[in-house]
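Below is the file coords00.pdb, which contains PDB, C-alpha atoms, pLDDT in the B column.
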MODEL        1
ATOM      1  CA  MET B   1     -10.636   8.641 -45.927  1.00 68.00           C
ATOM      2  CA  VAL B   2     -11.165   5.796 -43.471  1.00 72.00           C
ATOM      3  CA  THR B   3     -13.938   6.225 -40.917  1.00 86.00           C
ATOM      4  CA  LEU B   4     -12.990   4.866 -37.510  1.00 90.00           C
ATOM      5  CA  SER B   5     -15.496   3.047 -35.327  1.00 94.00           C
ATOM      6  CA  GLN B   6     -16.357   4.367 -31.876  1.00 96.00           C
ATOM      7  CA  THR B   7     -14.457   1.394 -30.405  1.00 96.00           C
ATOM      8  CA  VAL B   8     -11.293   2.373 -32.267  1.00 97.00           C
ATOM      9  CA  ILE B   9     -11.686   6.046 -31.396  1.00 96.00           C
ATOM     10  CA  ALA B  10     -12.133   5.152 -27.707  1.00 96.00           C
ATOM     11  CA  PHE B  11      -9.090   2.841 -27.730  1.00 96.00           C
ATOM     12  CA  ARG B  12      -6.817   5.376 -29.401  1.00 97.00           C
ATOM     13  CA  SER B  13      -8.055   8.291 -27.279  1.00 97.00           C
ATOM     14  CA  ARG B  14      -7.329   6.310 -24.146  1.00 96.00           C
ATOM     15  CA  ILE B  15      -3.789   5.500 -25.276  1.00 97.00           C
ATOM     16  CA  GLU B  16      -3.092   9.132 -26.202  1.00 96.00           C
ATOM     17  CA  ASP B  17      -4.362  10.478 -22.858  1.00 97.00           C
ATOM     18  CA  GLU B  18      -1.479  10.887 -20.418  1.00 96.00           C
ATOM     19  CA  ALA B  19      -3.944  11.230 -17.532  1.00 96.00           C
ATOM     20  CA  VAL B  20      -5.236   7.658 -17.964  1.00 96.00           C
ATOM     21  CA  PHE B  21      -1.853   5.999 -18.586  1.00 96.00           C
ATOM     22  CA  LEU B  22      -2.021   4.077 -15.308  1.00 95.00           C
ATOM     23  CA  ASP B  23      -5.362   2.562 -16.359  1.00 93.00           C
ATOM     24  CA  THR B  24      -3.604   1.002 -19.370  1.00 94.00           C
ATOM     25  CA  CYS B  25      -1.089  -0.784 -17.125  1.00 94.00           C
ATOM     26  CA  GLU B  26      -1.346  -3.941 -15.042  1.00 92.00           C
ATOM     27  CA  GLY B  27      -0.926  -2.460 -11.608  1.00 92.00           C
ATOM     28  CA  GLY B  28       1.101  -1.448  -8.630  1.00 95.00           C
ATOM     29  CA  ASN B  29       2.302   2.042  -7.917  1.00 96.00           C
ATOM     30  CA  PRO B  30       4.596   3.999 -10.247  1.00 97.00           C
ATOM     31  CA  GLY B  31       6.116   5.784  -7.263  1.00 97.00           C
ATOM     32  CA  THR B  32       7.406   9.323  -6.885  1.00 97.00           C
ATOM     33  CA  PRO B  33      10.892  10.850  -6.806  1.00 97.00           C
ATOM     34  CA  SER B  34      10.804  10.635  -2.983  1.00 97.00           C
ATOM     35  CA  ASN B  35       9.261   7.131  -2.845  1.00 97.00           C
ATOM     36  CA  ARG B  36      10.620   5.360  -5.910  1.00 97.00           C
ATOM     37  CA  SER B  37       9.285   2.074  -7.252  1.00 98.00           C
ATOM     38  CA  ILE B  38      10.785  -0.710  -9.312  1.00 98.00           C
ATOM     39  CA  TRP B  39       9.143  -0.854 -12.727  1.00 98.00           C
ATOM     40  CA  LEU B  40       8.756  -4.151 -14.575  1.00 98.00           C
ATOM     41  CA  LEU B  41       7.936  -3.631 -18.238  1.00 97.00           C
ATOM     42  CA  GLY B  42       6.967  -6.367 -20.650  1.00 95.00           C
ATOM     43  CA  ILE B  43       6.222  -6.312 -24.346  1.00 94.00           C
ATOM     44  CA  GLU B  44       2.483  -6.971 -24.118  1.00 93.00           C
ATOM     45  CA  PRO B  45       0.075  -8.572 -21.674  1.00 88.00           C
ATOM     46  CA  GLY B  46      -0.118 -12.309 -22.042  1.00 76.00           C
ATOM     47  CA  TRP B  47      -3.465 -13.889 -22.624  1.00 61.00           C
ATOM     48  CA  SER B  48      -3.229 -17.649 -22.507  1.00 54.00           C
ATOM     49  CA  LEU B  49      -5.842 -20.153 -23.601  1.00 52.00           C
ATOM     50  CA  ALA B  50      -6.370 -20.910 -19.888  1.00 56.00           C
ATOM     51  CA  ASP B  51      -7.091 -17.204 -19.281  1.00 56.00           C
ATOM     52  CA  GLU B  52      -9.522 -17.200 -22.175  1.00 57.00           C
ATOM     53  CA  ALA B  53     -11.325 -20.262 -20.825  1.00 55.00           C
ATOM     54  CA  ALA B  54     -11.465 -18.754 -17.322  1.00 57.00           C
ATOM     55  CA  ASP B  55     -12.764 -15.490 -18.795  1.00 57.00           C
ATOM     56  CA  ASP B  56     -15.645 -17.353 -20.425  1.00 56.00           C
ATOM     57  CA  GLU B  57     -16.698 -18.698 -17.024  1.00 59.00           C
ATOM     58  CA  ILE B  58     -15.709 -15.714 -14.910  1.00 61.00           C
ATOM     59  CA  ASP B  59     -17.186 -15.495 -11.443  1.00 71.00           C
ATOM     60  CA  ALA B  60     -17.378 -12.567  -9.055  1.00 75.00           C
ATOM     61  CA  GLU B  61     -14.363 -13.747  -7.023  1.00 76.00           C
ATOM     62  CA  ARG B  62     -12.074 -14.082 -10.046  1.00 74.00           C
ATOM     63  CA  GLU B  63     -13.334 -10.756 -11.408  1.00 79.00           C
ATOM     64  CA  ALA B  64     -12.422  -9.062  -8.112  1.00 78.00           C
ATOM     65  CA  LYS B  65      -8.953 -10.659  -8.206  1.00 76.00           C
ATOM     66  CA  LEU B  66      -8.463  -9.490 -11.791  1.00 78.00           C
ATOM     67  CA  THR B  67      -9.573  -5.960 -10.962  1.00 80.00           C
ATOM     68  CA  ALA B  68      -7.210  -5.823  -7.972  1.00 82.00           C
ATOM     69  CA  TYR B  69      -4.491  -7.693  -9.891  1.00 89.00           C
ATOM     70  CA  ALA B  70      -4.300  -9.820  -6.744  1.00 92.00           C
ATOM     71  CA  VAL B  71      -1.072 -11.649  -6.000  1.00 95.00           C
ATOM     72  CA  GLU B  72      -3.035 -14.890  -5.542  1.00 93.00           C
ATOM     73  CA  LEU B  73      -4.122 -14.608  -9.181  1.00 91.00           C
ATOM     74  CA  GLN B  74      -0.695 -13.456 -10.377  1.00 93.00           C
ATOM     75  CA  LEU B  75       0.855 -16.583  -8.845  1.00 95.00           C
ATOM     76  CA  GLU B  76      -1.081 -18.633 -11.430  1.00 91.00           C
ATOM     77  CA  TRP B  77       0.905 -17.065 -14.277  1.00 90.00           C
ATOM     78  CA  PRO B  78       4.442 -18.274 -15.134  1.00 92.00           C
ATOM     79  CA  PHE B  79       5.615 -14.776 -16.139  1.00 93.00           C
ATOM     80  CA  ASN B  80       4.618 -13.292 -12.777  1.00 95.00           C
ATOM     81  CA  ARG B  81       6.097 -16.203 -10.814  1.00 97.00           C
ATOM     82  CA  ASN B  82       9.406 -15.574 -12.583  1.00 97.00           C
ATOM     83  CA  ALA B  83       9.081 -11.849 -11.905  1.00 97.00           C
ATOM     84  CA  PHE B  84       8.554 -12.590  -8.204  1.00 98.00           C
ATOM     85  CA  LYS B  85      11.697 -14.750  -8.201  1.00 98.00           C
ATOM     86  CA  LEU B  86      13.686 -11.840  -9.629  1.00 98.00           C
ATOM     87  CA  LEU B  87      12.148  -9.304  -7.245  1.00 98.00           C
ATOM     88  CA  SER B  88      12.729 -11.597  -4.273  1.00 98.00           C
ATOM     89  CA  THR B  89      16.409 -11.766  -5.219  1.00 98.00           C
ATOM     90  CA  LEU B  90      16.643  -7.991  -5.721  1.00 97.00           C
ATOM     91  CA  ASN B  91      15.096  -7.622  -2.266  1.00 96.00           C
ATOM     92  CA  GLY B  92      17.898  -9.719  -0.713  1.00 97.00           C
ATOM     93  CA  GLY B  93      16.026 -13.017  -0.724  1.00 97.00           C
ATOM     94  CA  VAL B  94      16.363 -16.141  -2.815  1.00 97.00           C
ATOM     95  CA  PRO B  95      14.330 -17.138  -5.896  1.00 98.00           C
ATOM     96  CA  GLU B  96      12.886 -20.194  -4.138  1.00 98.00           C
ATOM     97  CA  ASP B  97      11.116 -17.922  -1.652  1.00 97.00           C
ATOM     98  CA  TYR B  98       9.215 -16.095  -4.391  1.00 98.00           C
ATOM     99  CA  ARG B  99       5.792 -17.126  -3.092  1.00 98.00           C
ATOM    100  CA  GLU B 100       6.463 -15.839   0.429  1.00 98.00           C
ATOM    101  CA  PHE B 101       7.980 -12.660  -1.015  1.00 98.00           C
ATOM    102  CA  ALA B 102       4.955 -12.074  -3.254  1.00 98.00           C
ATOM    103  CA  LEU B 103       2.426 -12.658  -0.483  1.00 98.00           C
ATOM    104  CA  ALA B 104       4.295 -10.271   1.845  1.00 97.00           C
ATOM    105  CA  ALA B 105       5.240  -7.486  -0.635  1.00 97.00           C
ATOM    106  CA  ARG B 106       2.094  -7.759  -2.819  1.00 97.00           C
ATOM    107  CA  PRO B 107       3.892  -6.544  -5.995  1.00 97.00           C
ATOM    108  CA  PHE B 108       1.753  -4.941  -8.681  1.00 97.00           C
ATOM    109  CA  GLU B 109      -1.540  -5.156  -6.775  1.00 94.00           C
ATOM    110  CA  ARG B 110      -3.822  -2.138  -6.968  1.00 91.00           C
ATOM    111  CA  GLY B 111      -2.996   0.005  -3.967  1.00 90.00           C
ATOM    112  CA  SER B 112       0.366  -1.629  -3.250  1.00 93.00           C
ATOM    113  CA  THR B 113       3.610   0.344  -3.235  1.00 95.00           C
ATOM    114  CA  GLY B 114       7.166  -0.265  -4.328  1.00 97.00           C
ATOM    115  CA  TYR B 115       6.469  -2.067  -7.607  1.00 98.00           C
ATOM    116  CA  PHE B 116       4.791  -1.196 -10.887  1.00 98.00           C
ATOM    117  CA  LYS B 117       4.025  -3.342 -13.944  1.00 97.00           C
ATOM    118  CA  ALA B 118       3.186  -2.235 -17.467  1.00 97.00           C
ATOM    119  CA  ASN B 119       3.772  -3.161 -21.092  1.00 96.00           C
ATOM    120  CA  LEU B 120       5.074  -1.371 -24.139  1.00 97.00           C
ATOM    121  CA  PHE B 121       2.004  -2.445 -26.080  1.00 96.00           C
ATOM    122  CA  PRO B 122      -1.205  -2.831 -24.020  1.00 94.00           C
ATOM    123  CA  GLU B 123      -3.238  -5.093 -26.325  1.00 93.00           C
ATOM    124  CA  PRO B 124      -3.095  -8.676 -24.946  1.00 88.00           C
ATOM    125  CA  CYS B 125      -2.163 -11.496 -27.303  1.00 82.00           C
ATOM    126  CA  ASN B 126      -1.483 -15.213 -27.041  1.00 77.00           C
ATOM    127  CA  ASN B 127       2.029 -14.632 -28.354  1.00 80.00           C
ATOM    128  CA  VAL B 128       4.006 -11.642 -29.586  1.00 83.00           C
ATOM    129  CA  GLY B 129       3.769 -12.761 -33.213  1.00 85.00           C
ATOM    130  CA  GLU B 130      -0.024 -12.964 -33.197  1.00 88.00           C
ATOM    131  CA  TRP B 131      -2.544 -10.392 -34.409  1.00 93.00           C
ATOM    132  CA  ASP B 132      -6.159 -11.481 -34.575  1.00 91.00           C
ATOM    133  CA  ASP B 133      -9.413  -9.997 -35.849  1.00 93.00           C
ATOM    134  CA  VAL B 134     -10.505  -8.995 -32.330  1.00 92.00           C
ATOM    135  CA  SER B 135      -7.336  -6.899 -31.840  1.00 93.00           C
ATOM    136  CA  ALA B 136      -7.646  -5.415 -35.314  1.00 95.00           C
ATOM    137  CA  THR B 137     -11.274  -4.426 -34.675  1.00 96.00           C
ATOM    138  CA  LYS B 138     -10.484  -2.948 -31.255  1.00 95.00           C
ATOM    139  CA  THR B 139      -7.440  -0.911 -32.382  1.00 97.00           C
ATOM    140  CA  GLY B 140      -8.269  -0.188 -36.020  1.00 96.00           C
ATOM    141  CA  PHE B 141      -4.938  -1.582 -37.254  1.00 96.00           C
ATOM    142  CA  THR B 142      -5.019  -4.442 -39.741  1.00 95.00           C
ATOM    143  CA  THR B 143      -1.433  -5.467 -38.937  1.00 96.00           C
ATOM    144  CA  LYS B 144       0.545  -5.713 -35.739  1.00 96.00           C
ATOM    145  CA  ASP B 145       3.378  -3.736 -37.333  1.00 96.00           C
ATOM    146  CA  ALA B 146       1.037  -0.789 -37.974  1.00 97.00           C
ATOM    147  CA  TYR B 147      -0.259  -1.036 -34.378  1.00 97.00           C
ATOM    148  CA  ARG B 148       3.263  -1.105 -32.937  1.00 97.00           C
ATOM    149  CA  SER B 149       4.367   1.810 -35.079  1.00 97.00           C
ATOM    150  CA  TRP B 150       1.449   3.912 -33.848  1.00 98.00           C
ATOM    151  CA  MET B 151       2.143   2.890 -30.233  1.00 97.00           C
ATOM    152  CA  ARG B 152       5.790   3.897 -30.554  1.00 98.00           C
ATOM    153  CA  LYS B 153       4.693   7.335 -31.665  1.00 97.00           C
ATOM    154  CA  ASN B 154       1.879   7.811 -29.144  1.00 97.00           C
ATOM    155  CA  ARG B 155       2.295   5.546 -26.091  1.00 97.00           C
ATOM    156  CA  PHE B 156       6.077   5.712 -25.833  1.00 98.00           C
ATOM    157  CA  ARG B 157       6.167   9.492 -25.389  1.00 96.00           C
ATOM    158  CA  ILE B 158       3.673   9.158 -22.530  1.00 97.00           C
ATOM    159  CA  MET B 159       5.643   6.308 -20.930  1.00 97.00           C
ATOM    160  CA  THR B 160       8.774   8.457 -21.125  1.00 97.00           C
ATOM    161  CA  LYS B 161       6.977  11.337 -19.387  1.00 97.00           C
ATOM    162  CA  TRP B 162       5.792   9.024 -16.594  1.00 98.00           C
ATOM    163  CA  ILE B 163       9.301   7.626 -16.130  1.00 98.00           C
ATOM    164  CA  GLU B 164      10.691  11.153 -15.938  1.00 97.00           C
ATOM    165  CA  ARG B 165       7.937  12.171 -13.489  1.00 97.00           C
ATOM    166  CA  CYS B 166       8.193   9.127 -11.186  1.00 98.00           C
ATOM    167  CA  ARG B 167      11.963   8.493 -11.400  1.00 98.00           C
ATOM    168  CA  PRO B 168      11.803   4.717 -10.751  1.00 98.00           C
ATOM    169  CA  ARG B 169      14.644   3.121  -8.754  1.00 97.00           C
ATOM    170  CA  LEU B 170      15.006   0.559 -11.510  1.00 97.00           C
ATOM    171  CA  VAL B 171      13.291  -0.145 -14.821  1.00 97.00           C
ATOM    172  CA  ILE B 172      13.412  -3.789 -15.870  1.00 97.00           C
ATOM    173  CA  GLY B 173      12.544  -4.436 -19.503  1.00 96.00           C
ATOM    174  CA  THR B 174      11.672  -8.035 -20.339  1.00 94.00           C
ATOM    175  CA  GLY B 175      11.953  -9.114 -23.942  1.00 89.00           C
ATOM    176  CA  LEU B 176      15.272  -8.746 -25.740  1.00 89.00           C
ATOM    177  CA  THR B 177      13.539  -8.517 -29.114  1.00 92.00           C
ATOM    178  CA  HIS B 178      12.354  -5.057 -28.016  1.00 94.00           C
ATOM    179  CA  LEU B 179      15.565  -3.854 -26.405  1.00 95.00           C
ATOM    180  CA  ASP B 180      15.615  -0.739 -28.593  1.00 95.00           C
ATOM    181  CA  ASP B 181      12.065   0.110 -27.487  1.00 96.00           C
ATOM    182  CA  PHE B 182      12.989  -0.206 -23.789  1.00 96.00           C
ATOM    183  CA  LEU B 183      16.085   1.940 -24.343  1.00 96.00           C
ATOM    184  CA  ALA B 184      14.004   4.549 -26.175  1.00 95.00           C
ATOM    185  CA  ILE B 185      11.402   4.997 -23.424  1.00 96.00           C
ATOM    186  CA  THR B 186      14.037   5.224 -20.707  1.00 95.00           C
ATOM    187  CA  GLY B 187      16.232   7.645 -22.656  1.00 91.00           C
ATOM    188  CA  THR B 188      19.157   5.218 -22.583  1.00 90.00           C
ATOM    189  CA  THR B 189      21.592   5.952 -25.366  1.00 80.00           C
ATOM    190  CA  GLU B 190      24.040   3.068 -24.950  1.00 75.00           C
ATOM    191  CA  LYS B 191      23.387  -0.688 -25.026  1.00 67.00           C
TER     192      LYS B 191
ENDMDL
END
Take the structure in this file and express it as structure tokens.
Amino acid sequence: MVTLSQTVIAFRSRIEDEAVFLDTCEGGNPGTPSNRSIWLLGIEPGWSLADEAADDEIDAEREAKLTAYAVELQLEWPFNRNAFKLLSTLNGGVPEDYREFALAARPFERGSTGYFKANLFPEPCNNVGEWDDVSATKTGFTTKDAYRSWMRKNRFRIMTKWIERCRPRLVIGTGLTHLDDFLAITGTTEK
């Protein structure tokens, strides 16, 4: 029998707890059936080398922006800039006006409404093919395949419940390599 560390137990307990699901997501508001949001779902949070370097020298201002998931910080990341271009277009604007759209709508910020951002797998990595010792120690899984398998069993059922509860206007899944995962959590039976 394998004994799990307190770190692993805490990580897994958090993932399995439906009540703290929102804490495992980037931000925004998941909405309600009467005030529905647009959900943007990725595969996993990105964590670039620039983010790592900034994290090593984190100051109070950047920490506050990270905690709030502030649009000003999000605009530094290519993925979020592209998301804002898409959302601007869905909102009747043009992709080139993404910055103005983001600053006005404040997508994904803590306390904002109308938009919600999360990932299938909450452990951040430099790329989707990577699995390092830090992630293995934190999650207790020696391989990314084992981690993903466990997440599919435990996190996906909770994501499905939240989608059913909140009834988003639209769920956008980004990452064609995980199309089947996005279809599974949304209950979509046809591709």
Take every atom of region 104-118 of chain B listed in the file, pad by 8 Å on each side, and give me the axis-aligned box centre and edge lengths in Å, one decimal, as JSON.
{"center_x": 1.7, "center_y": -5.0, "center_z": -7.8, "size_x": 27.0, "size_y": 26.6, "size_z": 35.3}
Selected residue of minimal separation from Ser5 (chain B) among B:Arg81, B:Lys138, B:Arg62, B:Arg106, counting all atoms listed in the file: B:Lys138
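Proximity ranking of B:Phe141, B:Leu179, B:Ala70, B:Gly46 relative to Val8 (chain B) places B:Phe141 first, based on all atoms listed in the file.
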Contacts of Arg36 (chain B) within 10 Å, all atoms listed in the file, excl. fewer than 3 positions in-chain, as an MDAnalysis selection string: chainID B and resid 29:33 39 113:115 166:170
Expected selection from the PyMOL selection byres ((chain B and resi 24) around 8), given as JSON, numbers by chain: {"B": [15, 20, 21, 22, 23, 25, 26, 118, 122]}
Arg148 (chain B) surroundings by all atoms listed in the file, 12 Å radius, close-in-sequence under 4 positions cut, as an mmCIF file with C-alpha atoms, in the frame of the given file:
data_model
loop_
_atom_site.group_PDB
_atom_site.id
_atom_site.type_symbol
_atom_site.label_atom_id
_atom_site.label_comp_id
_atom_site.auth_asym_id
_atom_site.auth_seq_id
_atom_site.Cartn_x
_atom_site.Cartn_y
_atom_site.Cartn_z
ATOM 1 C CA ILE B 43 6.222 -6.312 -24.346
ATOM 2 C CA GLU B 44 2.483 -6.971 -24.118
ATOM 3 C CA LEU B 120 5.074 -1.371 -24.139
ATOM 4 C CA PHE B 121 2.004 -2.445 -26.080
ATOM 5 C CA PRO B 122 -1.205 -2.831 -24.020
ATOM 6 C CA GLU B 123 -3.238 -5.093 -26.325
ATOM 7 C CA VAL B 128 4.006 -11.642 -29.586
ATOM 8 C CA GLY B 129 3.769 -12.761 -33.213
ATOM 9 C CA TRP B 131 -2.544 -10.392 -34.409
ATOM 10 C CA ALA B 136 -7.646 -5.415 -35.314
ATOM 11 C CA THR B 139 -7.440 -0.911 -32.382
ATOM 12 C CA GLY B 140 -8.269 -0.188 -36.020
ATOM 13 C CA PHE B 141 -4.938 -1.582 -37.254
ATOM 14 C CA THR B 142 -5.019 -4.442 -39.741
ATOM 15 C CA THR B 143 -1.433 -5.467 -38.937
ATOM 16 C CA LYS B 144 0.545 -5.713 -35.739
ATOM 17 C CA ARG B 152 5.790 3.897 -30.554
ATOM 18 C CA LYS B 153 4.693 7.335 -31.665
ATOM 19 C CA ASN B 154 1.879 7.811 -29.144
ATOM 20 C CA ARG B 155 2.295 5.546 -26.091
ATOM 21 C CA PHE B 156 6.077 5.712 -25.833
ATOM 22 C CA HIS B 178 12.354 -5.057 -28.016
ATOM 23 C CA ASP B 181 12.065 0.110 -27.487
#
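With only C-alpha atoms as the basis for measurement, B:Leu75 is the residue among B:Ala64, B:Cys125, B:Ala184, B:Leu75 that approaches Ala102 (chain B) most closely.
For the set B:Ala104, B:Gly93, B:Asn35, B:Gly28, the residue with the smallest atom-to-atom gap to Thr67 (chain B) is B:Gly28, counting only C-alpha atoms.
Distance check against Lys117 (chain B) using all atoms listed in the file: of B:Arg14, B:Asn80, B:Glu164, B:Ser34, the minimum falls on B:Asn80.
Among the candidates B:Gly42, B:Ser37, B:Val2, B:Trp162, the residue lying nearest to Gly175 (chain B) is B:Gly42 (atoms considered: only C-alpha atoms).
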